[in-house]
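To be precise, the following lines are entry.txt, and they hold compact mmCIF, C-alpha atoms.
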```txt
# COMPACT_ATOMS: atom_id res chain seq x y z
CA MET O 1 50.49 -5.01 -65.44
CA ALA O 2 47.06 -5.83 -66.73
CA GLY O 3 46.26 -7.66 -63.50
CA GLU O 4 45.09 -4.76 -61.38
CA ALA O 5 42.53 -3.35 -63.76
CA SER O 6 41.03 -6.65 -64.76
CA ARG O 7 40.93 -8.27 -61.32
CA MET O 8 37.53 -9.45 -60.16
CA GLY O 9 36.19 -8.06 -56.92
CA ARG O 10 37.17 -10.01 -53.81
CA ILE O 11 34.84 -10.22 -50.85
CA VAL O 12 36.92 -9.23 -47.81
CA VAL O 13 35.21 -9.56 -44.46
CA SER O 14 36.95 -7.57 -41.75
CA GLU O 15 35.71 -7.75 -38.18
CA PHE O 16 36.49 -6.30 -34.80
CA VAL O 17 35.79 -9.21 -32.50
CA SER O 18 36.16 -9.83 -28.78
CA LEU O 19 37.67 -13.04 -27.40
CA ASP O 20 34.16 -14.35 -26.85
CA GLY O 21 33.23 -13.71 -30.48
CA VAL O 22 31.12 -10.60 -29.95
CA VAL O 23 31.03 -8.16 -32.87
CA GLU O 24 28.23 -5.89 -31.66
CA ASP O 25 28.83 -2.17 -31.89
CA PRO O 26 32.63 -1.85 -31.66
CA GLY O 27 32.29 1.75 -32.82
CA GLY O 28 29.60 2.88 -30.40
CA ALA O 29 26.82 3.92 -32.81
CA GLU O 30 24.31 1.21 -31.86
CA LYS O 31 23.53 1.78 -28.14
CA PHE O 32 25.01 -1.54 -27.01
CA LYS O 33 25.96 -1.65 -23.32
CA HIS O 34 29.65 -1.99 -24.19
CA GLY O 35 29.33 0.13 -27.37
CA GLY O 36 32.63 1.59 -28.57
CA TRP O 37 34.66 -1.18 -26.96
CA SER O 38 37.20 -1.36 -29.79
CA PHE O 39 38.41 2.19 -29.09
CA LYS O 40 39.87 1.02 -25.78
CA PHE O 41 42.50 -0.90 -27.70
CA ARG O 42 43.74 1.49 -30.33
CA ASP O 43 47.40 1.96 -31.06
CA ASP O 44 49.13 3.79 -33.90
CA GLN O 45 49.28 0.71 -36.11
CA VAL O 46 45.57 -0.09 -36.14
CA PRO O 47 44.50 3.15 -37.88
CA LYS O 48 47.19 2.66 -40.51
CA TYR O 49 46.07 -0.89 -41.09
CA LYS O 50 42.41 0.15 -41.42
CA MET O 51 43.46 2.95 -43.74
CA ASP O 52 45.31 0.58 -46.09
CA GLU O 53 42.37 -1.78 -45.94
CA VAL O 54 39.75 0.78 -46.90
CA PHE O 55 41.85 2.16 -49.74
CA ALA O 56 42.31 -1.35 -51.14
CA GLY O 57 38.55 -1.49 -51.51
CA ASP O 58 36.13 0.18 -53.86
CA ALA O 59 32.78 -0.84 -52.39
CA LEU O 60 31.13 -1.75 -49.10
CA LEU O 61 28.73 -4.64 -48.66
CA LEU O 62 26.70 -4.30 -45.46
CA GLY O 63 23.81 -5.83 -43.57
CA ARG O 64 21.00 -3.63 -42.29
CA VAL O 65 22.11 -3.23 -38.67
CA THR O 66 25.66 -2.25 -39.52
CA TYR O 67 24.46 -0.03 -42.35
CA GLU O 68 22.14 1.89 -40.03
CA GLY O 69 24.93 2.47 -37.52
CA PHE O 70 27.35 3.59 -40.24
CA ALA O 71 24.76 5.79 -42.00
CA LYS O 72 24.21 7.62 -38.74
CA ALA O 73 27.88 8.07 -37.88
CA TRP O 74 29.89 8.52 -41.08
CA PRO O 75 28.22 11.40 -43.00
CA SER O 76 29.24 13.92 -40.33
CA MET O 77 32.79 12.61 -39.98
CA LYS O 78 35.81 14.33 -41.37
CA ASP O 79 39.53 13.62 -41.09
CA ASP O 80 42.82 14.74 -42.58
CA VAL O 81 43.66 11.44 -44.23
CA GLY O 82 40.59 10.95 -46.38
CA PHE O 83 39.26 7.93 -44.54
CA ALA O 84 35.79 9.37 -43.90
CA ASP O 85 35.58 10.76 -47.44
CA LYS O 86 36.40 7.33 -48.80
CA MET O 87 33.72 5.71 -46.61
CA ASN O 88 31.14 8.30 -47.60
CA ASN O 89 31.90 8.31 -51.33
CA MET O 90 32.40 4.66 -52.10
CA PRO O 91 29.41 2.62 -53.35
CA LYS O 92 27.51 0.79 -50.61
CA HIS O 93 25.52 -2.40 -51.25
CA VAL O 94 23.05 -2.91 -48.45
CA VAL O 95 21.31 -6.22 -47.81
CA SER O 96 17.88 -5.79 -46.23
CA THR O 97 14.32 -6.96 -46.73
CA THR O 98 12.85 -4.18 -44.59
CA LEU O 99 14.66 -0.96 -45.45
CA LYS O 100 12.75 1.23 -47.91
CA LYS O 101 15.14 4.03 -48.62
CA LEU O 102 18.80 4.62 -48.06
CA ASP O 103 19.96 8.05 -46.99
CA TRP O 104 23.71 7.51 -46.97
CA ASN O 105 25.42 8.71 -50.11
CA ASN O 106 25.90 6.17 -52.93
CA SER O 107 23.96 3.31 -51.30
CA LYS O 108 22.04 0.64 -53.19
CA LEU O 109 19.67 -1.94 -51.81
CA ILE O 110 19.89 -5.71 -52.27
CA LYS O 111 16.42 -6.96 -51.35
CA ALA O 112 16.51 -10.64 -52.32
CA ASN O 113 18.66 -13.37 -53.86
CA VAL O 114 21.62 -12.26 -51.79
CA ALA O 115 23.99 -14.99 -52.98
CA GLU O 116 23.16 -14.34 -56.65
CA GLU O 117 23.53 -10.59 -56.30
CA VAL O 118 26.85 -10.92 -54.49
CA LYS O 119 28.14 -13.30 -57.17
CA LYS O 120 27.31 -10.65 -59.75
CA LEU O 121 29.20 -8.02 -57.73
CA LYS O 122 32.22 -10.28 -57.56
CA GLN O 123 32.21 -10.80 -61.31
CA GLN O 124 32.65 -7.12 -61.97
CA PRO O 125 36.26 -6.04 -62.24
CA GLY O 126 37.33 -4.06 -59.23
CA LYS O 127 39.15 -3.89 -55.95
CA ASP O 128 38.10 -5.39 -52.63
CA ILE O 129 34.44 -5.40 -51.67
CA LEU O 130 34.62 -4.77 -47.94
CA VAL O 131 32.25 -6.24 -45.40
CA TYR O 132 32.34 -4.78 -41.88
CA GLY O 133 30.21 -6.04 -39.01
CA SER O 134 27.07 -7.46 -40.66
CA GLY O 135 27.07 -10.75 -38.74
CA LYS O 136 24.00 -12.24 -40.35
CA LEU O 137 25.18 -11.39 -43.85
CA VAL O 138 28.63 -12.83 -43.15
CA ASN O 139 27.04 -16.14 -42.22
CA THR O 140 25.11 -16.19 -45.48
CA LEU O 141 28.26 -15.36 -47.45
CA LEU O 142 30.25 -18.08 -45.67
CA GLN O 143 27.57 -20.68 -46.31
CA HIS O 144 27.63 -19.86 -50.00
CA ASP O 145 31.44 -19.86 -50.14
CA LEU O 146 31.47 -16.24 -51.21
CA VAL O 147 34.06 -14.99 -48.73
CA ASP O 148 37.54 -14.65 -50.25
CA GLU O 149 39.19 -13.38 -47.10
CA LEU O 150 38.10 -13.26 -43.48
CA ARG O 151 40.04 -10.91 -41.19
CA LEU O 152 39.39 -11.16 -37.49
CA MET O 153 40.92 -8.48 -35.30
CA VAL O 154 40.73 -10.32 -32.02
CA HIS O 155 40.65 -7.84 -29.13
CA PRO O 156 42.03 -8.89 -25.74
CA VAL O 157 38.72 -8.62 -23.94
CA VAL O 158 35.83 -10.86 -22.93
CA LEU O 159 32.69 -8.75 -23.30
CA GLY O 160 30.38 -11.33 -21.76
CA SER O 161 27.31 -10.35 -23.76
CA GLY O 162 26.31 -9.07 -27.16
CA ARG O 163 25.65 -10.26 -30.68
CA ARG O 164 28.20 -12.73 -31.93
CA LEU O 165 29.66 -12.92 -35.42
CA PHE O 166 28.66 -16.49 -36.11
CA ASP O 167 25.37 -16.59 -34.21
CA ASN O 168 23.17 -17.56 -37.10
CA ASN O 169 25.46 -19.97 -38.81
CA ALA O 170 23.86 -23.24 -37.74
CA GLU O 171 24.22 -25.10 -41.03
CA THR O 172 27.40 -27.03 -41.55
CA MET O 173 30.99 -26.92 -40.47
CA LYS O 174 33.24 -24.79 -42.59
CA ALA O 175 36.98 -25.31 -42.49
CA LEU O 176 39.17 -22.35 -43.40
CA LYS O 177 42.86 -21.87 -43.98
CA LEU O 178 44.91 -19.59 -41.74
CA ALA O 179 46.79 -17.30 -44.12
CA GLU O 180 48.43 -14.84 -41.77
CA SER O 181 48.64 -13.66 -38.20
CA LYS O 182 49.81 -10.29 -36.95
CA THR O 183 50.06 -8.84 -33.47
CA PHE O 184 49.45 -5.17 -32.72
CA PRO O 185 51.01 -3.26 -29.79
CA SER O 186 47.58 -2.97 -28.15
CA GLY O 187 47.33 -6.76 -27.91
CA ILE O 188 44.96 -7.09 -30.82
CA VAL O 189 45.73 -10.17 -32.92
CA LEU O 190 44.77 -10.07 -36.57
CA LEU O 191 43.98 -13.52 -37.92
CA THR O 192 43.46 -13.74 -41.69
CA TYR O 193 41.71 -16.72 -43.22
CA HIS O 194 41.13 -17.91 -46.77
CA PRO O 195 38.77 -20.59 -48.05
CA ALA O 196 40.18 -24.06 -47.38
CA LYS O 197 40.15 -24.97 -51.06
CA MET M 1 41.44 -24.84 -24.49
CA HIS M 2 40.94 -25.85 -28.08
CA VAL M 3 38.35 -23.58 -29.59
CA SER M 4 36.72 -23.12 -32.98
CA LEU M 5 36.63 -19.78 -34.79
CA ASP M 6 33.08 -19.32 -33.60
CA GLY M 7 34.01 -19.95 -29.99
CA PHE M 8 32.95 -23.54 -29.44
CA VAL M 9 34.99 -26.07 -27.48
CA ALA M 10 32.99 -29.08 -28.68
CA SER M 11 30.39 -30.02 -31.25
CA PRO M 12 26.80 -30.38 -29.97
CA ASN M 13 27.31 -33.96 -28.77
CA GLY M 14 30.69 -33.27 -27.27
CA GLU M 15 32.78 -34.35 -30.28
CA ILE M 16 36.22 -32.85 -30.54
CA ASP M 17 37.30 -34.66 -33.72
CA TRP M 18 37.77 -31.27 -35.44
CA VAL M 19 40.58 -30.29 -33.06
CA ARG M 20 43.85 -30.16 -34.97
CA PHE M 21 47.06 -31.46 -33.51
CA ASP M 22 50.49 -31.73 -34.95
CA ASP M 23 53.85 -32.54 -33.39
CA ASP M 24 54.78 -28.93 -32.65
CA LEU M 25 51.45 -28.22 -31.00
CA VAL M 26 51.55 -31.43 -28.97
CA GLU M 27 55.03 -30.50 -27.78
CA ASP M 28 53.89 -27.05 -26.62
CA VAL M 29 50.80 -28.43 -24.92
CA GLN M 30 52.98 -30.99 -23.15
CA ALA M 31 55.31 -28.22 -21.95
CA LEU M 32 52.29 -26.35 -20.60
CA VAL M 33 51.07 -29.46 -18.82
CA ASP M 34 54.55 -30.08 -17.40
CA SER M 35 54.50 -26.61 -15.87
CA ALA M 36 51.60 -27.77 -13.70
CA ASP M 37 51.24 -30.43 -11.03
CA THR M 38 47.50 -30.39 -10.36
CA ALA M 39 44.56 -30.85 -12.74
CA LEU M 40 41.19 -29.11 -12.32
CA PHE M 41 38.01 -30.22 -14.05
CA GLY M 42 34.32 -29.47 -14.24
CA ARG M 43 31.98 -32.45 -13.93
CA VAL M 44 31.32 -33.02 -17.65
CA THR M 45 34.96 -32.90 -18.71
CA TYR M 46 35.97 -35.00 -15.74
CA ARG M 47 33.52 -37.74 -16.72
CA LEU M 48 34.94 -37.82 -20.24
CA MET M 49 38.50 -37.92 -18.98
CA GLU M 50 37.77 -40.56 -16.37
CA SER M 51 36.38 -42.85 -19.06
CA TYR M 52 39.50 -42.56 -21.18
CA TRP M 53 42.76 -41.81 -19.38
CA PRO M 54 43.02 -44.47 -16.66
CA THR M 55 43.51 -47.14 -19.35
CA ALA M 56 44.59 -45.06 -22.38
CA ALA M 57 48.24 -46.08 -22.14
CA GLU M 58 47.35 -49.78 -22.14
CA SER M 59 45.70 -49.65 -25.55
CA PRO M 60 47.79 -51.18 -28.38
CA THR M 61 46.95 -48.13 -30.49
CA ALA M 62 48.07 -45.60 -27.86
CA SER M 63 49.87 -42.61 -29.38
CA LYS M 64 52.94 -40.94 -27.96
CA HIS M 65 50.67 -38.20 -26.66
CA ASP M 66 48.50 -40.82 -24.92
CA LEU M 67 51.56 -42.29 -23.22
CA ASP M 68 53.08 -38.94 -22.20
CA HIS M 69 49.84 -37.45 -20.96
CA SER M 70 48.88 -40.63 -19.07
CA ARG M 71 52.19 -40.58 -17.26
CA TRP M 72 51.43 -37.05 -16.04
CA LEU M 73 47.68 -37.13 -15.56
CA ASN M 74 47.01 -40.45 -13.85
CA PRO M 75 49.16 -39.93 -10.75
CA ALA M 76 48.58 -36.13 -10.58
CA PRO M 77 46.23 -34.73 -7.93
CA LYS M 78 42.87 -34.04 -9.61
CA LEU M 79 40.08 -31.82 -8.37
CA VAL M 80 36.55 -32.06 -9.76
CA PHE M 81 34.28 -29.12 -9.06
CA SER M 82 30.71 -30.34 -8.84
CA THR M 83 27.72 -30.02 -6.56
CA THR M 84 26.13 -33.23 -7.84
CA LEU M 85 28.93 -35.74 -8.32
CA LYS M 86 28.96 -38.45 -5.61
CA ASN M 87 31.69 -40.88 -6.60
CA VAL M 88 34.91 -40.75 -8.55
CA HIS M 89 36.81 -43.76 -9.85
CA TRP M 90 40.15 -42.30 -10.83
CA GLN M 91 43.20 -42.34 -8.61
CA ASN M 92 44.11 -39.25 -6.60
CA THR M 93 40.85 -37.42 -7.38
CA ARG M 94 38.88 -35.28 -4.95
CA ILE M 95 35.44 -33.68 -5.33
CA VAL M 96 35.08 -30.00 -4.41
CA LYS M 97 31.45 -29.08 -3.80
CA ASP M 98 31.62 -25.42 -2.81
CA HIS M 99 33.86 -22.60 -1.54
CA ILE M 100 35.77 -22.66 -4.81
CA GLY M 101 37.59 -19.40 -4.13
CA GLU M 102 38.81 -20.56 -0.72
CA GLU M 103 39.88 -23.93 -2.08
CA ILE M 104 41.94 -22.33 -4.84
CA ALA M 105 43.44 -19.77 -2.46
CA ARG M 106 44.52 -22.60 -0.19
CA LEU M 107 46.10 -24.54 -3.07
CA ARG M 108 47.90 -21.46 -4.30
CA LYS M 109 49.64 -21.03 -0.96
CA GLN M 110 51.11 -24.51 -1.12
CA PRO M 111 54.51 -24.81 -2.73
CA GLY M 112 54.36 -26.43 -6.14
CA LYS M 113 53.76 -25.86 -9.78
CA ASN M 114 50.75 -24.45 -11.63
CA LEU M 115 47.17 -25.59 -11.39
CA ILE M 116 45.78 -26.35 -14.82
CA LEU M 117 42.11 -26.25 -15.74
CA PHE M 118 41.36 -28.51 -18.68
CA ALA M 119 38.57 -27.65 -21.12
CA SER M 120 35.54 -27.34 -18.74
CA PRO M 121 33.90 -24.18 -20.15
CA THR M 122 31.31 -23.89 -17.37
CA LEU M 123 33.93 -24.11 -14.65
CA GLY M 124 36.17 -21.79 -16.66
CA SER M 125 33.46 -19.13 -16.67
CA THR M 126 32.96 -19.59 -12.93
CA PHE M 127 36.69 -19.22 -12.35
CA MET M 128 36.81 -16.13 -14.55
CA ASN M 129 33.97 -14.53 -12.59
CA LEU M 130 35.78 -15.28 -9.34
CA ASN M 131 38.91 -13.71 -10.82
CA LEU M 132 40.91 -16.89 -10.23
CA ILE M 133 42.59 -17.23 -13.62
CA ASP M 134 46.16 -16.01 -14.08
CA GLU M 135 46.70 -17.20 -17.64
CA TYR M 136 44.54 -18.31 -20.52
CA PHE M 137 45.67 -20.50 -23.42
CA PHE M 138 43.45 -20.68 -26.46
CA ASN M 139 44.26 -22.80 -29.49
CA ILE M 140 42.07 -21.32 -32.18
CA ASN M 141 41.23 -23.88 -34.84
CA PRO M 142 40.55 -22.68 -38.41
CA ILE M 143 37.00 -23.93 -38.55
CA VAL M 144 33.50 -22.54 -38.10
CA LEU M 145 31.44 -25.24 -36.35
CA GLY M 146 28.09 -23.49 -36.54
CA LYS M 147 26.85 -24.91 -33.27
CA GLY M 148 28.21 -26.57 -30.20
CA LYS M 149 29.29 -26.00 -26.65
CA PRO M 150 30.45 -22.43 -26.15
CA LEU M 151 33.72 -21.58 -24.41
CA PHE M 152 32.34 -18.44 -22.82
CA ARG M 153 29.00 -18.18 -21.07
CA GLU M 154 27.21 -14.89 -20.65
CA GLN M 155 29.02 -12.71 -18.15
CA SER M 156 27.78 -9.64 -16.37
CA GLU M 157 31.07 -7.78 -16.52
CA MET M 158 33.48 -7.19 -19.34
CA ARG M 159 37.01 -8.36 -18.66
CA ARG M 160 40.16 -7.02 -20.22
CA LEU M 161 43.06 -9.38 -20.70
CA LYS M 162 46.64 -8.85 -21.70
CA LEU M 163 48.09 -10.60 -24.73
CA LEU M 164 51.27 -12.37 -23.65
CA GLU M 165 52.08 -14.41 -26.73
CA SER M 166 50.71 -15.44 -30.08
CA LYS M 167 51.96 -18.24 -32.24
CA THR M 168 50.73 -20.06 -35.31
CA TYR M 169 51.22 -23.64 -36.31
CA ARG M 170 51.54 -25.16 -39.77
CA ASN M 171 48.19 -26.86 -39.36
CA GLY M 172 46.45 -23.49 -39.14
CA VAL M 173 45.97 -23.34 -35.39
CA ALA M 174 46.62 -19.93 -33.85
CA SER M 175 47.69 -20.20 -30.24
CA LEU M 176 46.99 -17.15 -28.09
CA ARG M 177 48.14 -16.76 -24.51
CA TYR M 178 46.68 -14.09 -22.26
CA GLY M 179 47.27 -12.90 -18.72
CA ARG M 180 45.32 -10.63 -16.41
CA GLY M 181 44.43 -7.29 -17.95
CA SER M 182 45.58 -3.94 -16.71
```
Can the structure from this file be put into structure tokens for me?
Amino acid sequence: MAGEASRMGRIVVSEFVSLDGVVEDPGGAEKFKHGGWSFKFRDDQVPKYKMDEVFAGDALLLGRVTYEGFAKAWPSMKDDVGFADKMNNMPKHVVSTTLKKLDWNNSKLIKANVAEEVKKLKQQPGKDILVYGSGKLVNTLLQHDLVDELRLMVHPVVLGSGRRLFDNNAETMKALKLAESKTFPSGIVLLTYHPAK
Amino acid sequence: MHVSLDGFVASPNGEIDWVRFDDDLVEDVQALVDSADTALFGRVTYRLMESYWPTAAESPTASKHDLDHSRWLNPAPKLVFSTTLKNVHWQNTRIVKDHIGEEIARLRKQPGKNLILFASPTLGSTFMNLNLIDEYFFNINPIVLGKGKPLFREQSEMRRLKLLESKTYRNGVASLRYGRGS
């Protein structure tokens, strides 16, 4: 099939989110009061799902806050399945107006014209361009209709405080289309959305 | 509760015209309502409901849902939790000013069906903090509103829940039901 090689990059946003919409520090690298909250809900299917997800991608697109947390945590990580290697080796596109230099392997800065730059990334043939966390960036991408798939892993917890995914999206309503829903043994519900049109 | 993807239960001015209904969803909501015999409201939601439901069934354009829900809601005992409300104009309605926990504990001991709390995000947060909620139903609509009235207020404690059921509807609503966490 010619399809795979010539496919344009898709922007896939994948989020760990609490029932109250909080996305802050699910992994515990950012000093949030409930940091690491997602680890309370792991089961054997979640790692497999995340594994398939990361290997369906060939680049990361991250905002500054998430990038800084990842850049601190991932370089020293190692596992038997190649997950950490994949995270560390894959190209990272980092959106920030303040960062000067990027220490994490294979990272490139996007300083301005975010929508334009992301459009260019999408036009290159490739696999999924994965967005994790990066709340502010996700809002920008949604407003510019640049998100091809939004995956929300809704955890069965109300955190009560913390940065929310859609905090900064105060522009207009955006209707999406529910593409899929999947329940994990831990009570996490994965809701997958596509653009409405 | 009908809620947007970004966790709002209403647009900034209280509009809920984005909430999606279809026959299957209406049927399930009706079954949920039928499992209860008492309605609980916060002040804001109560005011909205009071201005609509007492006469909703009399309108020539009343839908089947209007008729069914009127038949249940109008005669049902209704409790409004408010420290400021002075008068209510809807049959079988009582104002509860304080001692919420005691009031609910008393109602629980009486034989009967469930108590159902409609919308009312402020009251919902109060109930959650008082650990009064046994089950939560969220109908997650496939829309990002951007701004509006949030379902969850800031809470001091984190609260784990237990997923009891998830279901999706053809109109894109994902319905999630939770119970008390372990």
Report as JSON lines: every residue of chain M with an atom at most 7 Å from chain O, its closest pair of atoms, and their distance in Å to one decimal, counting only C-alpha atoms, with rows sorted by chain and ascending residue number.
```
{"residue": "M:Asp6", "atom": "CA", "partner": "O:Phe166", "partner_atom": "CA", "distance": 5.8}
{"residue": "M:Gly7", "atom": "CA", "partner": "O:Gly21", "partner_atom": "CA", "distance": 6.3}
{"residue": "M:Pro142", "atom": "CA", "partner": "O:Leu176", "partner_atom": "CA", "distance": 5.2}
{"residue": "M:Ile143", "atom": "CA", "partner": "O:Ala175", "partner_atom": "CA", "distance": 4.2}
{"residue": "M:Val144", "atom": "CA", "partner": "O:Lys174", "partner_atom": "CA", "distance": 5.0}
{"residue": "M:Leu145", "atom": "CA", "partner": "O:Met173", "partner_atom": "CA", "distance": 4.5}
{"residue": "M:Gly146", "atom": "CA", "partner": "O:Ala170", "partner_atom": "CA", "distance": 4.4}
{"residue": "M:Lys147", "atom": "CA", "partner": "O:Ala170", "partner_atom": "CA", "distance": 5.6}
{"residue": "M:Phe152", "atom": "CA", "partner": "O:Asp20", "partner_atom": "CA", "distance": 6.0}
{"residue": "M:Glu154", "atom": "CA", "partner": "O:Gly160", "partner_atom": "CA", "distance": 4.9}
{"residue": "M:Gln155", "atom": "CA", "partner": "O:Gly160", "partner_atom": "CA", "distance": 4.1}
{"residue": "M:Ser156", "atom": "CA", "partner": "O:Gly160", "partner_atom": "CA", "distance": 6.2}
{"residue": "M:Glu157", "atom": "CA", "partner": "O:Gly160", "partner_atom": "CA", "distance": 6.4}
{"residue": "M:Met158", "atom": "CA", "partner": "O:Leu159", "partner_atom": "CA", "distance": 4.3}
{"residue": "M:Arg159", "atom": "CA", "partner": "O:Val158", "partner_atom": "CA", "distance": 5.1}
{"residue": "M:Arg160", "atom": "CA", "partner": "O:Val157", "partner_atom": "CA", "distance": 4.3}
{"residue": "M:Leu161", "atom": "CA", "partner": "O:Pro156", "partner_atom": "CA", "distance": 5.2}
{"residue": "M:Lys162", "atom": "CA", "partner": "O:Pro156", "partner_atom": "CA", "distance": 6.1}
{"residue": "M:Leu163", "atom": "CA", "partner": "O:Gly187", "partner_atom": "CA", "distance": 5.0}
{"residue": "M:Gly172", "atom": "CA", "partner": "O:Leu178", "partner_atom": "CA", "distance": 4.9}
```
(message) For a quick check of your reading of the model, name the residues lying within 9 Å of the coordinate (41.0, -26.8, -11.5), counting only C-alpha atoms, and write them as a ChimeraX atom specification.
(response) /M:38-42,78-81,104,115-118,123-124,127
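One distance worth recording is that between atom CA of Ala71 of chain O and atom CA of Asn105 of chain O, which is 8.6 Å.
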(request) Could you check how far atom CA of Arg170 of chain M sits from atom CA of Asp23 of chain M, in Å to one decimal? (result) 10.0 Å
(request) Go through O:Lys122, O:Arg7, O:Lys72, O:Arg163 one by one, measure the shortest atom-to-atom distance of each to Asn88 of chain O using all atoms listed in the file, and give the residue with the smallest value. (result) O:Lys72
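Computed from the coordinates, the atom CA of Pro125 of chain O to atom CA of Phe16 of chain O distance equals 27.4 Å.
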(message) Residues within 12 Å of (57.2, -24.8, -28.4), file coordinates, counting all atoms listed in the file: what are they? Give the list as a PyMOL selection string.
(response) chain M and resi 22-32+165-169+175
(request) Excluding segment 57-65 of chain O and any residue of its chain fewer than 4 positions from it, enumerate the residues within 10 Å of it, using all atoms listed in the file, and give them as a VMD selection string. (result) chain O and resid 9 to 13 24 to 25 30 52 to 53 69 to 71 86 to 87 89 to 99 106 to 110 118 121 126 to 138
Would you place a box with edges along x, y and z of the file around all atoms of segment 68-78 of chain O listed there, add 8 Å to each of its six sides, and report the centre and edge lengths in Å to one decimal, as lines of an AutoDock Vina configuration file?
```
center_x = 29.0
center_y = 8.1
center_z = -40.3
size_x = 29.7
size_y = 28.4
size_z = 21.5
```
